[in-house]
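*Asks:* To be precise about what I am sending: the file is called my_file_23.csv and holds CSV, C-alpha atoms and all ligand atoms.
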```
chain,number,residue,atom,x,y,z
A,1,MET,CA,68.8,100.4,150.9
A,2,ALA,CA,66.7,99.6,147.8
A,3,SER,CA,67.5,101.6,144.8
A,4,PHE,CA,65.1,102.5,142.0
A,5,ASN,CA,65.4,104.2,138.6
A,6,LEU,CA,62.8,106.8,138.0
A,7,PHE,CA,62.5,108.3,134.6
A,8,LEU,CA,61.0,111.8,134.8
A,9,LEU,CA,59.1,113.1,131.8
A,10,PRO,CA,57.6,116.5,132.7
A,11,GLY,CA,56.3,117.1,129.2
A,12,ASP,CA,54.6,120.4,128.5
A,13,GLY,CA,52.5,123.1,130.1
A,14,ILE,CA,51.9,122.6,133.8
A,15,GLY,CA,53.7,119.2,133.5
A,16,THR,CA,57.0,120.9,134.2
A,17,GLU,CA,55.7,122.8,137.2
A,18,ILE,CA,54.1,119.9,138.9
A,19,MET,CA,57.1,117.7,138.3
A,20,VAL,CA,59.2,120.1,140.4
A,21,GLU,CA,56.8,119.5,143.3
A,22,VAL,CA,56.9,115.8,143.1
A,23,GLU,CA,60.7,115.9,143.0
A,24,LYS,CA,60.6,117.5,146.4
A,25,VAL,CA,58.6,114.6,147.7
A,26,VAL,CA,60.9,112.1,146.1
A,27,ALA,CA,63.9,113.9,147.7
A,28,TRP,CA,62.1,113.7,151.1
A,29,PHE,CA,61.7,110.0,150.9
A,30,GLU,CA,65.3,109.6,149.9
A,31,LYS,CA,66.5,111.7,152.8
A,32,ARG,CA,64.4,109.7,155.2
A,33,GLY,CA,66.2,106.6,154.0
A,34,VAL,CA,63.2,104.9,152.5
A,35,ALA,CA,65.0,104.1,149.2
A,36,THR,CA,67.5,105.6,146.8
A,37,PHE,CA,65.9,107.1,143.7
A,38,GLU,CA,68.1,107.5,140.7
A,39,ARG,CA,66.5,110.2,138.6
A,40,GLU,CA,67.0,110.5,134.9
A,41,ARG,CA,65.0,113.1,132.9
A,42,GLY,CA,63.8,113.3,129.3
A,43,LEU,CA,61.5,115.1,126.9
A,44,VAL,CA,58.1,114.1,125.7
A,45,GLY,CA,55.3,115.8,123.8
A,46,GLY,CA,55.7,119.3,122.4
A,47,SER,CA,59.0,119.9,124.2
A,48,ALA,CA,60.4,116.7,122.5
A,49,TYR,CA,59.0,117.8,119.2
A,50,ASP,CA,60.8,121.2,119.5
A,51,ALA,CA,64.1,119.5,120.3
A,52,HIS,CA,64.0,116.4,118.0
A,53,GLY,CA,61.0,116.8,115.7
A,54,LYS,CA,59.4,113.7,117.4
A,55,ALA,CA,57.1,113.4,120.3
A,56,ILE,CA,59.7,111.3,122.1
A,57,SER,CA,63.2,110.4,121.0
A,58,GLU,CA,64.5,106.8,120.7
A,59,SER,CA,67.0,107.4,123.4
A,60,ASP,CA,64.3,108.6,125.8
A,61,MET,CA,62.2,105.6,124.8
A,62,ALA,CA,65.2,103.3,125.7
A,63,LEU,CA,65.5,105.1,129.1
A,64,ALA,CA,61.8,104.6,129.7
A,65,MET,CA,62.1,100.9,128.9
A,66,ALA,CA,65.0,100.5,131.3
A,67,SER,CA,63.5,102.4,134.2
A,68,ASP,CA,61.6,101.0,137.2
A,69,ALA,CA,58.9,103.6,136.8
A,70,VAL,CA,58.2,106.5,134.4
A,71,ILE,CA,56.9,109.6,136.2
A,72,PHE,CA,55.0,111.5,133.5
A,73,GLY,CA,53.6,115.1,133.7
A,74,ALA,CA,51.4,116.1,130.8
A,75,VAL,CA,51.7,116.8,127.1
A,76,GLY,CA,50.2,119.1,124.5
A,77,GLY,CA,49.3,122.7,123.9
A,78,PRO,CA,48.1,125.2,121.3
A,79,LYS,CA,51.7,125.8,120.2
A,80,TRP,CA,51.7,122.3,118.6
A,81,ALA,CA,48.2,122.4,117.2
A,82,ASP,CA,49.4,122.2,113.6
A,83,VAL,CA,52.3,119.7,113.8
A,84,PRO,CA,51.9,116.5,111.7
A,85,TYR,CA,49.5,114.0,113.3
A,86,ASP,CA,52.2,111.3,113.8
A,87,VAL,CA,54.5,113.6,115.8
A,88,ARG,CA,51.8,115.5,117.8
A,89,PRO,CA,52.5,115.7,121.5
A,90,GLU,CA,50.0,113.0,122.4
A,91,ALA,CA,51.8,110.5,120.2
A,92,GLY,CA,54.6,110.4,122.7
A,93,LEU,CA,52.3,109.4,125.5
A,94,LEU,CA,50.5,106.8,123.3
A,95,ARG,CA,53.9,105.3,122.2
A,96,LEU,CA,55.0,105.0,125.8
A,97,ARG,CA,51.8,103.2,126.8
A,98,LYS,CA,52.0,100.9,123.8
A,99,ASP,CA,55.7,100.1,123.7
A,100,LEU,CA,55.9,99.6,127.5
A,101,GLY,CA,52.8,97.3,127.2
A,102,LEU,CA,51.0,99.3,129.9
A,103,PHE,CA,47.6,97.7,129.4
A,104,ALA,CA,46.1,98.4,132.8
A,105,ASN,CA,45.4,102.0,133.8
A,106,LEU,CA,44.2,102.5,137.4
A,107,ARG,CA,42.4,105.7,138.0
A,108,PRO,CA,41.2,106.0,141.6
A,109,ALA,CA,38.6,108.8,142.3
A,110,ILE,CA,38.6,109.4,146.0
A,111,CYS,CA,36.7,112.3,147.6
A,112,TYR,CA,38.6,113.7,150.5
A,113,PRO,CA,36.1,114.8,153.2
A,114,ALA,CA,37.7,118.2,153.2
A,115,LEU,CA,36.9,118.6,149.5
A,116,ALA,CA,33.3,117.4,149.4
A,117,ASP,CA,32.1,120.9,148.9
A,118,ALA,CA,34.5,121.5,145.9
A,119,SER,CA,32.7,118.8,144.0
A,120,ALA,CA,30.3,119.7,141.3
A,121,LEU,CA,27.8,117.4,143.1
A,122,LYS,CA,26.1,117.8,146.5
A,123,ARG,CA,28.2,116.8,149.5
A,124,GLU,CA,26.0,113.9,150.5
A,125,LEU,CA,26.4,112.3,147.0
A,126,VAL,CA,30.2,112.4,147.1
A,127,GLU,CA,31.4,112.3,150.7
A,128,GLY,CA,33.3,109.1,151.2
A,129,LEU,CA,33.4,108.3,147.5
A,130,ASP,CA,36.1,105.7,146.6
A,131,ILE,CA,35.9,104.5,143.0
A,132,LEU,CA,38.6,102.8,141.0
A,133,ILE,CA,38.3,103.0,137.2
A,134,VAL,CA,40.3,100.2,135.6
A,135,ARG,CA,40.8,101.4,132.0
A,136,GLU,CA,42.2,99.2,129.2
A,137,LEU,CA,45.1,101.3,127.8
A,138,THR,CA,46.8,99.6,124.9
A,139,GLY,CA,43.9,98.5,122.7
A,140,GLY,CA,40.6,99.6,121.3
A,141,VAL,CA,39.9,102.6,119.0
A,142,TYR,CA,43.1,104.3,120.2
A,143,PHE,CA,45.3,101.8,118.4
A,144,GLY,CA,43.0,99.8,116.0
A,145,GLU,CA,43.9,99.7,112.3
A,146,PRO,CA,42.8,101.0,109.8
A,147,LYS,CA,43.0,104.5,111.3
A,148,GLU,CA,43.0,106.9,108.4
A,149,ILE,CA,41.3,109.7,106.4
A,150,VAL,CA,41.0,108.8,102.7
A,151,THR,CA,39.7,110.8,99.8
A,152,LEU,CA,37.0,109.0,97.8
A,153,GLU,CA,36.5,109.1,94.0
A,154,ASN,CA,33.8,111.8,94.4
A,155,GLY,CA,36.3,114.0,96.2
A,156,GLU,CA,34.6,113.5,99.6
A,157,LYS,CA,36.7,112.4,102.5
A,158,ARG,CA,36.2,109.3,104.7
A,159,ALA,CA,37.6,109.0,108.2
A,160,VAL,CA,38.0,105.6,109.9
A,161,ASP,CA,38.9,104.6,113.4
A,162,THR,CA,38.8,100.9,114.4
A,163,GLN,CA,37.5,99.6,117.7
A,164,VAL,CA,39.1,96.2,118.1
A,165,TYR,CA,39.6,93.8,121.1
A,166,THR,CA,40.7,90.2,121.3
A,167,THR,CA,39.8,87.8,124.0
A,168,HIS,CA,43.2,87.9,125.8
A,169,GLU,CA,43.2,91.7,126.0
A,170,ILE,CA,39.8,91.7,127.7
A,171,ASP,CA,40.6,88.7,129.9
A,172,ARG,CA,43.8,90.3,131.3
A,173,ILE,CA,42.2,93.7,132.1
A,174,ALA,CA,39.2,91.9,133.7
A,175,ARG,CA,41.5,90.0,135.9
A,176,VAL,CA,43.2,93.2,137.1
A,177,ALA,CA,39.8,94.6,137.9
A,178,PHE,CA,38.6,91.5,139.8
A,179,ASP,CA,41.9,91.2,141.7
A,180,LEU,CA,41.7,94.8,142.8
A,181,ALA,CA,38.0,94.5,143.7
A,182,ARG,CA,38.9,91.7,146.1
A,183,THR,CA,41.1,94.1,148.0
A,184,ARG,CA,38.4,96.8,148.2
A,185,GLY,CA,34.6,96.8,148.0
A,186,GLY,CA,34.2,93.4,146.2
A,187,LYS,CA,32.2,94.8,143.3
A,188,VAL,CA,33.0,95.2,139.6
A,189,HIS,CA,30.9,97.1,137.1
A,190,SER,CA,31.9,96.3,133.5
A,191,ALA,CA,30.9,99.1,131.2
A,192,GLU,CA,30.5,98.6,127.4
A,193,LYS,CA,28.0,99.1,124.6
A,194,HIS,CA,27.0,95.5,123.6
A,195,ASN,CA,23.7,97.0,122.3
A,196,VAL,CA,25.5,98.6,119.4
A,197,MET,CA,29.1,97.3,119.3
A,198,LYS,CA,30.5,93.8,118.5
A,199,SER,CA,33.5,94.6,120.7
A,200,GLY,CA,31.0,95.2,123.5
A,201,VAL,CA,29.4,91.8,122.9
A,202,LEU,CA,32.8,90.1,123.2
A,203,TRP,CA,33.8,92.3,126.2
A,204,LYS,CA,30.7,91.3,128.1
A,205,GLN,CA,31.2,87.6,127.4
A,206,VAL,CA,34.8,87.5,128.4
A,207,VAL,CA,34.3,89.5,131.5
A,208,SER,CA,31.5,87.2,132.6
A,209,GLU,CA,33.7,84.2,132.0
A,210,VAL,CA,36.5,85.7,134.1
A,211,GLY,CA,34.0,86.6,136.8
A,212,LYS,CA,33.1,82.9,137.3
A,213,GLY,CA,36.5,82.5,138.8
A,214,TYR,CA,35.8,85.2,141.4
A,215,ALA,CA,32.8,84.0,143.3
A,216,ASP,CA,33.6,86.5,146.1
A,217,VAL,CA,33.3,89.5,143.8
A,218,THR,CA,29.9,90.8,142.5
A,219,LEU,CA,29.8,91.5,138.8
A,220,GLU,CA,27.4,93.9,137.2
A,221,HIS,CA,27.3,94.7,133.5
A,222,ILE,CA,26.3,98.3,132.7
A,223,LEU,CA,26.0,100.1,129.4
A,224,ALA,CA,28.7,102.8,129.2
A,225,ASP,CA,26.2,105.6,128.7
A,226,ASN,CA,24.2,104.6,131.7
A,227,CYS,CA,27.4,104.3,133.6
A,228,ALA,CA,28.2,108.0,132.8
A,229,MET,CA,24.7,108.9,134.0
A,230,GLN,CA,24.9,106.8,137.2
A,231,LEU,CA,28.3,108.3,138.0
A,232,VAL,CA,26.7,111.8,138.4
A,233,ARG,CA,23.4,110.5,139.8
A,234,ARG,CA,24.5,108.1,142.5
A,235,PRO,CA,28.3,107.7,142.3
A,236,LYS,CA,28.7,105.8,145.6
A,237,GLN,CA,27.1,102.7,144.1
A,238,PHE,CA,30.4,102.0,142.3
A,239,ASP,CA,33.5,100.2,143.6
A,240,VAL,CA,35.6,99.1,140.6
A,241,ILE,CA,34.6,100.0,137.0
A,242,VAL,CA,36.3,98.2,134.2
A,243,CYS,CA,36.1,99.4,130.6
A,244,ASP,CA,37.8,99.8,127.3
A,245,ASN,CA,40.3,102.5,126.4
A,246,LEU,CA,37.8,105.2,125.1
A,247,PHE,CA,35.1,104.7,127.6
A,248,GLY,CA,37.7,104.8,130.3
A,249,ASP,CA,39.0,108.1,129.1
A,250,ILE,CA,35.6,109.6,129.3
A,251,LEU,CA,34.3,108.0,132.4
A,252,SER,CA,37.5,108.9,134.3
A,253,ASP,CA,37.1,112.6,133.4
A,254,VAL,CA,33.5,112.4,134.8
A,255,ALA,CA,34.7,110.7,137.9
A,256,SER,CA,37.4,113.3,138.5
A,257,MET,CA,34.9,116.1,138.9
A,258,LEU,CA,33.1,114.1,141.6
A,259,THR,CA,36.3,114.5,143.7
A,260,GLY,CA,36.4,118.3,143.4
A,261,SER,CA,38.9,118.8,140.6
A,262,LEU,CA,40.6,117.2,137.7
A,263,GLY,CA,43.8,118.4,139.5
A,264,MET,CA,43.3,115.7,142.2
A,265,LEU,CA,43.3,112.5,140.2
A,266,PRO,CA,46.5,110.3,140.0
A,267,SER,CA,46.9,107.3,137.8
A,268,ALA,CA,49.0,104.2,137.4
A,269,SER,CA,49.6,102.3,134.1
A,270,LEU,CA,50.9,98.8,134.5
A,271,GLY,CA,52.2,96.1,132.2
A,272,SER,CA,52.4,92.3,132.7
A,273,PRO,CA,55.2,91.1,135.0
A,274,ASP,CA,58.2,90.0,133.1
A,275,PRO,CA,58.4,86.2,133.5
A,276,ALA,CA,62.2,86.4,134.1
A,277,THR,CA,62.4,89.2,136.6
A,278,GLY,CA,58.8,89.3,137.9
A,279,ARG,CA,58.8,93.1,137.4
A,280,ALA,CA,56.2,94.9,135.4
A,281,LYS,CA,56.8,98.0,133.5
A,282,SER,CA,54.9,101.0,134.8
A,283,MET,CA,54.2,104.7,134.3
A,284,TYR,CA,52.5,107.2,136.7
A,285,GLU,CA,50.7,110.2,135.5
A,286,PRO,CA,48.0,112.6,136.6
A,287,VAL,CA,44.7,112.2,134.8
A,288,HIS,CA,44.6,115.9,133.9
A,289,GLY,CA,46.3,117.5,130.9
A,290,SER,CA,48.9,120.2,130.3
A,291,ALA,CA,46.4,123.0,131.0
A,292,PRO,CA,48.1,125.6,128.7
A,293,ASP,CA,45.7,128.3,129.9
A,294,ILE,CA,47.2,128.3,133.4
A,295,ALA,CA,50.8,127.1,132.6
A,296,GLY,CA,53.7,129.1,134.0
A,297,LYS,CA,51.5,131.0,136.4
A,298,GLY,CA,52.0,128.9,139.6
A,299,LEU,CA,48.3,128.0,139.6
A,300,ALA,CA,48.4,124.3,138.9
A,301,ASN,CA,47.5,121.8,141.6
A,302,PRO,CA,50.4,119.3,142.1
A,303,ILE,CA,48.3,116.8,144.1
A,304,ALA,CA,47.4,114.5,141.2
A,305,MET,CA,51.1,114.3,140.3
A,306,ILE,CA,52.1,113.7,143.9
A,307,GLY,CA,49.4,111.1,144.3
A,308,SER,CA,50.7,109.4,141.2
A,309,PHE,CA,54.1,109.1,142.9
A,310,ALA,CA,52.3,107.6,145.9
A,311,MET,CA,50.9,105.0,143.5
A,312,ALA,CA,54.4,104.3,142.2
A,313,LEU,CA,55.5,103.7,145.7
A,314,ARG,CA,52.7,101.3,146.2
A,315,TYR,CA,52.4,99.4,142.9
A,316,THR,CA,55.9,99.3,141.5
A,317,LEU,CA,58.3,99.9,144.4
A,318,GLY,CA,56.5,97.8,146.9
A,319,LEU,CA,56.6,100.6,149.5
A,320,GLY,CA,53.0,100.5,150.7
A,321,GLU,CA,53.8,102.2,154.0
A,322,ALA,CA,55.5,105.1,152.3
A,323,ALA,CA,52.5,105.4,150.0
A,324,ASP,CA,50.1,105.5,152.9
A,325,LEU,CA,52.3,108.1,154.6
A,326,LEU,CA,52.2,110.3,151.4
A,327,ASP,CA,48.5,109.9,150.9
A,328,GLY,CA,48.0,110.8,154.6
A,329,ALA,CA,50.2,113.9,154.2
A,330,VAL,CA,48.1,115.1,151.3
A,331,ALA,CA,44.9,114.5,153.3
A,332,ASP,CA,46.4,116.5,156.2
A,333,VAL,CA,47.2,119.4,153.9
A,334,LEU,CA,43.6,119.5,152.6
A,335,ALA,CA,42.2,119.1,156.1
A,336,SER,CA,44.2,122.1,157.2
A,337,GLY,CA,42.3,124.2,154.6
A,338,LEU,CA,45.1,124.9,152.2
A,339,ARG,CA,43.9,125.0,148.6
A,340,THR,CA,45.2,125.7,145.1
A,341,ALA,CA,42.9,127.8,143.0
A,342,ASP,CA,41.1,124.8,141.4
A,343,ILE,CA,39.8,123.6,144.8
A,344,ALA,CA,39.6,126.9,146.7
A,345,ASN,CA,36.4,127.9,148.4
A,346,PRO,CA,34.7,131.1,147.1
A,347,GLY,CA,36.6,134.1,148.4
A,348,GLN,CA,39.5,132.0,149.7
A,349,ASN,CA,43.1,133.0,149.1
A,350,ALA,CA,44.5,130.2,147.1
A,351,ILE,CA,48.1,129.0,147.4
A,352,SER,CA,50.5,128.4,144.5
A,353,THR,CA,51.8,125.2,143.0
A,354,THR,CA,55.1,125.6,144.9
A,355,GLU,CA,53.4,126.4,148.2
A,356,MET,CA,51.2,123.3,147.9
A,357,GLY,CA,54.3,121.1,147.2
A,358,ASP,CA,56.0,122.6,150.2
A,359,ALA,CA,52.9,122.1,152.4
A,360,VAL,CA,52.9,118.4,151.5
A,361,VAL,CA,56.6,118.1,152.4
A,362,LYS,CA,55.9,119.8,155.7
A,363,ALA,CA,53.0,117.5,156.4
A,364,LEU,CA,55.3,114.5,155.8
A,365,ASP,CA,57.7,116.0,158.3
A,366,ALA,CA,54.9,116.4,160.8
A,367,ARG,CA,53.7,112.8,160.3
A,368,VAL,CA,57.1,111.3,161.2
A,369,ALA,CA,58.0,113.8,164.0
B,1,LIG,C1,44.2,110.7,129.3
B,1,LIG,C2,44.3,111.7,128.2
B,1,LIG,C3,44.9,111.1,126.9
B,1,LIG,C4,44.0,110.0,126.5
B,1,LIG,C5,45.3,112.0,125.8
B,1,LIG,C6,46.2,113.2,126.2
B,1,LIG,C7,45.8,111.3,124.6
B,1,LIG,O1,43.1,112.3,127.9
B,1,LIG,O2,45.2,110.1,129.7
B,1,LIG,O3,43.1,110.5,129.7
B,1,LIG,O4,43.1,110.2,125.7
B,1,LIG,O5,44.2,108.8,126.9
B,2,MG,MG,41.5,111.8,129.2
```
Will you turn the file into structure tokens for me?
*Replies:*
Amino acid sequence: MASFNLFLLPGDGIGTEIMVEVEKVVAWFEKRGVATFERERGLVGGSAYDAHGKAISESDMALAMASDAVIFGAVGGPKWADVPYDVRPEAGLLRLRKDLGLFANLRPAICYPALADASALKRELVEGLDILIVRELTGGVYFGEPKEIVTLENGEKRAVDTQVYTTHEIDRIARVAFDLARTRGGKVHSAEKHNVMKSGVLWKQVVSEVGKGYADVTLEHILADNCAMQLVRRPKQFDVIVCDNLFGDILSDVASMLTGSLGMLPSASLGSPDPATGRAKSMYEPVHGSAPDIAGKGLANPIAMIGSFAMALRYTLGLGEAADLLDGAVADVLASGLRTADIANPGQNAISTTEMGDAVVKALDARVA
């Protein structure tokens, strides 16, 4: 039986609660003999800061580097609002992305039929929605230098962030988008702001160049602001959207609400395959944050976390059938009417985080019975 190393980083807030639920799912697949999952756990974000004064320790970074897949919960919270910038909770997440070379962030936004009424948009606009946002994750304004606040001679302060992209960074994320579009609807929208940004001009050029090698995929360039507008106007026109780090952050939050709740969106972050082993580093995390306002209350929706594990099964572990089974089980649970508070119908009794995790495990049992 194949054996994989999972490195679990629950993080802060609801991260710890949803990790418990995904572990039930991992245990289920192990019990079914799908694979053996060695599980190691570590600290990231505020919990790592409390323990080590850093957003992730060197030993946990080493474990992340050595793992087959990092399963990440969420980081941050008001408790750490005033910690130094370099060790703020988010720094742990950004370091993992950067040091693991996870340049390709896949954020699918799928509207389950059962949830079409939970969307902020009308049912007919979102029913059947299936968008994949391919977000560049290790470049752009998140990491560009200089990044600083300096005091000028007149005492005024000046803050700088740097948006920077090189050809190869754009080229490789574009290829990921085109390759994936081939397996789906055959359409790529490339979102940038070439009307005001040099990085947008280069982005558009390089994506066009890459597109020439994919005659079977339709490429459309779209300004990022228009893309945001079109996402809420007529979202089903999109198949794959490829964009830089910051636009991807924003557009994926928009896309999430089309599906009913931010609590539904999984993501996969992938690196380049190692030439020696053929394996790429990877991390799987929900798109939502640590939701400190509801943490510890059993209100969190674990589906984005569970869906992220389904993506790990598919993209890193090569267990596509297991991934389909898990996605199917989640759809069954939703179709049966069970809802956590974020997706509950008005007046409906919502179930807890734990109950939702248990329901998914039961639905898995039912699917193989
Ligand atoms: C995301 C989050 C992160 C980001 C934060 C927590 C740093 O919003 O993964 O979308 O901005 O990338
Ligand atoms: Mg975000």
*Asks:* Out of A:Leu265, A:Val176, A:Val22, A:Ala322, which residue has the shortest atom-to-atom distance to ligand MG 2 (chain B) when counting only C-alpha atoms and all ligand atoms?
*Replies:*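 That would be A:Leu265, the residue with the smallest distance to ligand MG 2 (chain B).
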*Asks:* Which of these, A:Leu137, A:Val240, A:Leu132, A:Leu299, has the shortest distance to Ala344 (chain A) once you count only C-alpha atoms?
*Replies:* A:Leu299
*Asks:* Give me, as a tab-separated table, the closest atom pair and its distance (Å, one decimal) for every residue of chain A within a cut-off of 7 Å of ligand MG 2 (chain B), counting all atoms listed in the file, rows sorted by chain and rising number.
*Replies:*
```
residue	atom	partner	partner_atom	distance
A:Asp249	CA	B:MG2	MG	4.5
A:Ile250	CA	B:MG2	MG	6.3
A:Asp253	CA	B:MG2	MG	6.1
A:Val287	CA	B:MG2	MG	6.5
A:His288	CA	B:MG2	MG	7.0
```
*Asks:* Give as a PyMOL selection string the residues surrounding ligand LIG 1 (chain B) up to a distance of 9 Å, considering only C-alpha atoms and all ligand atoms.
*Replies:* chain A and resi 74-76+89-91+93-94+137+142+245-246+248-250+252-253+267+285-290
*Asks:* Rank A:Ile170, A:Gly77, A:Glu153, A:Leu270 by their smallest atom-to-atom distance to Val201 (chain A), using only C-alpha atoms, and report the top residue only.
*Replies:*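 Among A:Ile170, A:Gly77, A:Glu153, A:Leu270, it is A:Ile170 that comes nearest to Val201 (chain A).
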*Asks:* Pick the closest to Ile241 (chain A) from A:Asp130, A:Asp358, A:Asp216, A:Asp171: which is it, counting all atoms listed in the file?
*Replies:*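 Selected residue with least distance to Ile241 (chain A): A:Asp130.
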*Asks:* Using all atoms listed in the file, which of the listed residues (A:Gly337, A:Ala369, A:Ile343, A:Ile306) sits closest to Val25 (chain A)?
*Replies:*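 Among the listed residues, the smallest separation from Val25 (chain A) belongs to A:Ile306.
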*Asks:* Region 224-231 of chain A from the block above, all heavy atoms, as a PDB file, in the first residue's frame, please?
*Replies:*
```
ATOM      1  N   ALA A 224      -8.578  43.398 -14.606  1.00  0.00           N
ATOM      2  CA  ALA A 224      -8.935  42.752 -13.336  1.00  0.00           C
ATOM      3  C   ALA A 224     -10.181  43.369 -12.697  1.00  0.00           C
ATOM      4  O   ALA A 224     -10.986  42.656 -12.086  1.00  0.00           O
ATOM      5  CB  ALA A 224      -7.756  42.808 -12.375  1.00  0.00           C
ATOM      6  N   ASP A 225     -10.338  44.668 -12.848  1.00  0.00           N
ATOM      7  CA  ASP A 225     -11.536  45.291 -12.252  1.00  0.00           C
ATOM      8  C   ASP A 225     -12.799  44.839 -12.989  1.00  0.00           C
ATOM      9  O   ASP A 225     -13.821  44.527 -12.379  1.00  0.00           O
ATOM     10  CB  ASP A 225     -11.419  46.831 -12.224  1.00  0.00           C
ATOM     11  CG  ASP A 225     -11.087  47.442 -13.578  1.00  0.00           C
ATOM     12  OD1 ASP A 225     -10.645  46.710 -14.490  1.00  0.00           O
ATOM     13  OD2 ASP A 225     -11.266  48.665 -13.733  1.00  0.00           O
ATOM     14  N   ASN A 226     -12.694  44.755 -14.300  1.00  0.00           N
ATOM     15  CA  ASN A 226     -13.833  44.255 -15.078  1.00  0.00           C
ATOM     16  C   ASN A 226     -14.119  42.790 -14.717  1.00  0.00           C
ATOM     17  O   ASN A 226     -15.280  42.377 -14.622  1.00  0.00           O
ATOM     18  CB  ASN A 226     -13.519  44.405 -16.571  1.00  0.00           C
ATOM     19  CG  ASN A 226     -14.695  43.989 -17.450  1.00  0.00           C
ATOM     20  OD1 ASN A 226     -15.849  44.092 -17.050  1.00  0.00           O
ATOM     21  ND2 ASN A 226     -14.397  43.494 -18.635  1.00  0.00           N
ATOM     22  N   CYS A 227     -13.057  42.030 -14.478  1.00  0.00           N
ATOM     23  CA  CYS A 227     -13.213  40.627 -14.107  1.00  0.00           C
ATOM     24  C   CYS A 227     -14.014  40.516 -12.805  1.00  0.00           C
ATOM     25  O   CYS A 227     -14.930  39.693 -12.692  1.00  0.00           O
ATOM     26  CB  CYS A 227     -11.838  39.976 -13.958  1.00  0.00           C
ATOM     27  SG  CYS A 227     -11.907  38.216 -13.645  1.00  0.00           S
ATOM     28  N   ALA A 228     -13.701  41.375 -11.840  1.00  0.00           N
ATOM     29  CA  ALA A 228     -14.436  41.371 -10.566  1.00  0.00           C
ATOM     30  C   ALA A 228     -15.914  41.656 -10.820  1.00  0.00           C
ATOM     31  O   ALA A 228     -16.801  40.996 -10.269  1.00  0.00           O
ATOM     32  CB  ALA A 228     -13.843  42.416  -9.620  1.00  0.00           C
ATOM     33  N   MET A 229     -16.156  42.629 -11.697  1.00  0.00           N
ATOM     34  CA  MET A 229     -17.540  43.001 -12.007  1.00  0.00           C
ATOM     35  C   MET A 229     -18.269  41.857 -12.729  1.00  0.00           C
ATOM     36  O   MET A 229     -19.388  41.495 -12.371  1.00  0.00           O
ATOM     37  CB  MET A 229     -17.520  44.284 -12.854  1.00  0.00           C
ATOM     38  CG  MET A 229     -18.867  44.886 -13.121  1.00  0.00           C
ATOM     39  SD  MET A 229     -19.614  44.185 -14.576  1.00  0.00           S
ATOM     40  CE  MET A 229     -18.854  45.160 -15.848  1.00  0.00           C
ATOM     41  N   GLN A 230     -17.591  41.281 -13.724  1.00  0.00           N
ATOM     42  CA  GLN A 230     -18.215  40.191 -14.489  1.00  0.00           C
ATOM     43  C   GLN A 230     -18.480  38.964 -13.611  1.00  0.00           C
ATOM     44  O   GLN A 230     -19.412  38.197 -13.853  1.00  0.00           O
ATOM     45  CB  GLN A 230     -17.330  39.782 -15.678  1.00  0.00           C
ATOM     46  CG  GLN A 230     -17.151  40.871 -16.733  1.00  0.00           C
ATOM     47  CD  GLN A 230     -18.435  41.201 -17.483  1.00  0.00           C
ATOM     48  OE1 GLN A 230     -19.403  40.439 -17.476  1.00  0.00           O
ATOM     49  NE2 GLN A 230     -18.463  42.363 -18.121  1.00  0.00           N
ATOM     50  N   LEU A 231     -17.635  38.764 -12.595  1.00  0.00           N
ATOM     51  CA  LEU A 231     -17.820  37.616 -11.703  1.00  0.00           C
ATOM     52  C   LEU A 231     -19.145  37.688 -10.951  1.00  0.00           C
ATOM     53  O   LEU A 231     -19.752  36.657 -10.653  1.00  0.00           O
ATOM     54  CB  LEU A 231     -16.678  37.526 -10.690  1.00  0.00           C
ATOM     55  CG  LEU A 231     -15.461  36.700 -11.091  1.00  0.00           C
ATOM     56  CD1 LEU A 231     -14.352  36.857 -10.049  1.00  0.00           C
ATOM     57  CD2 LEU A 231     -15.804  35.224 -11.249  1.00  0.00           C
TER      58      LEU A 231
END
```
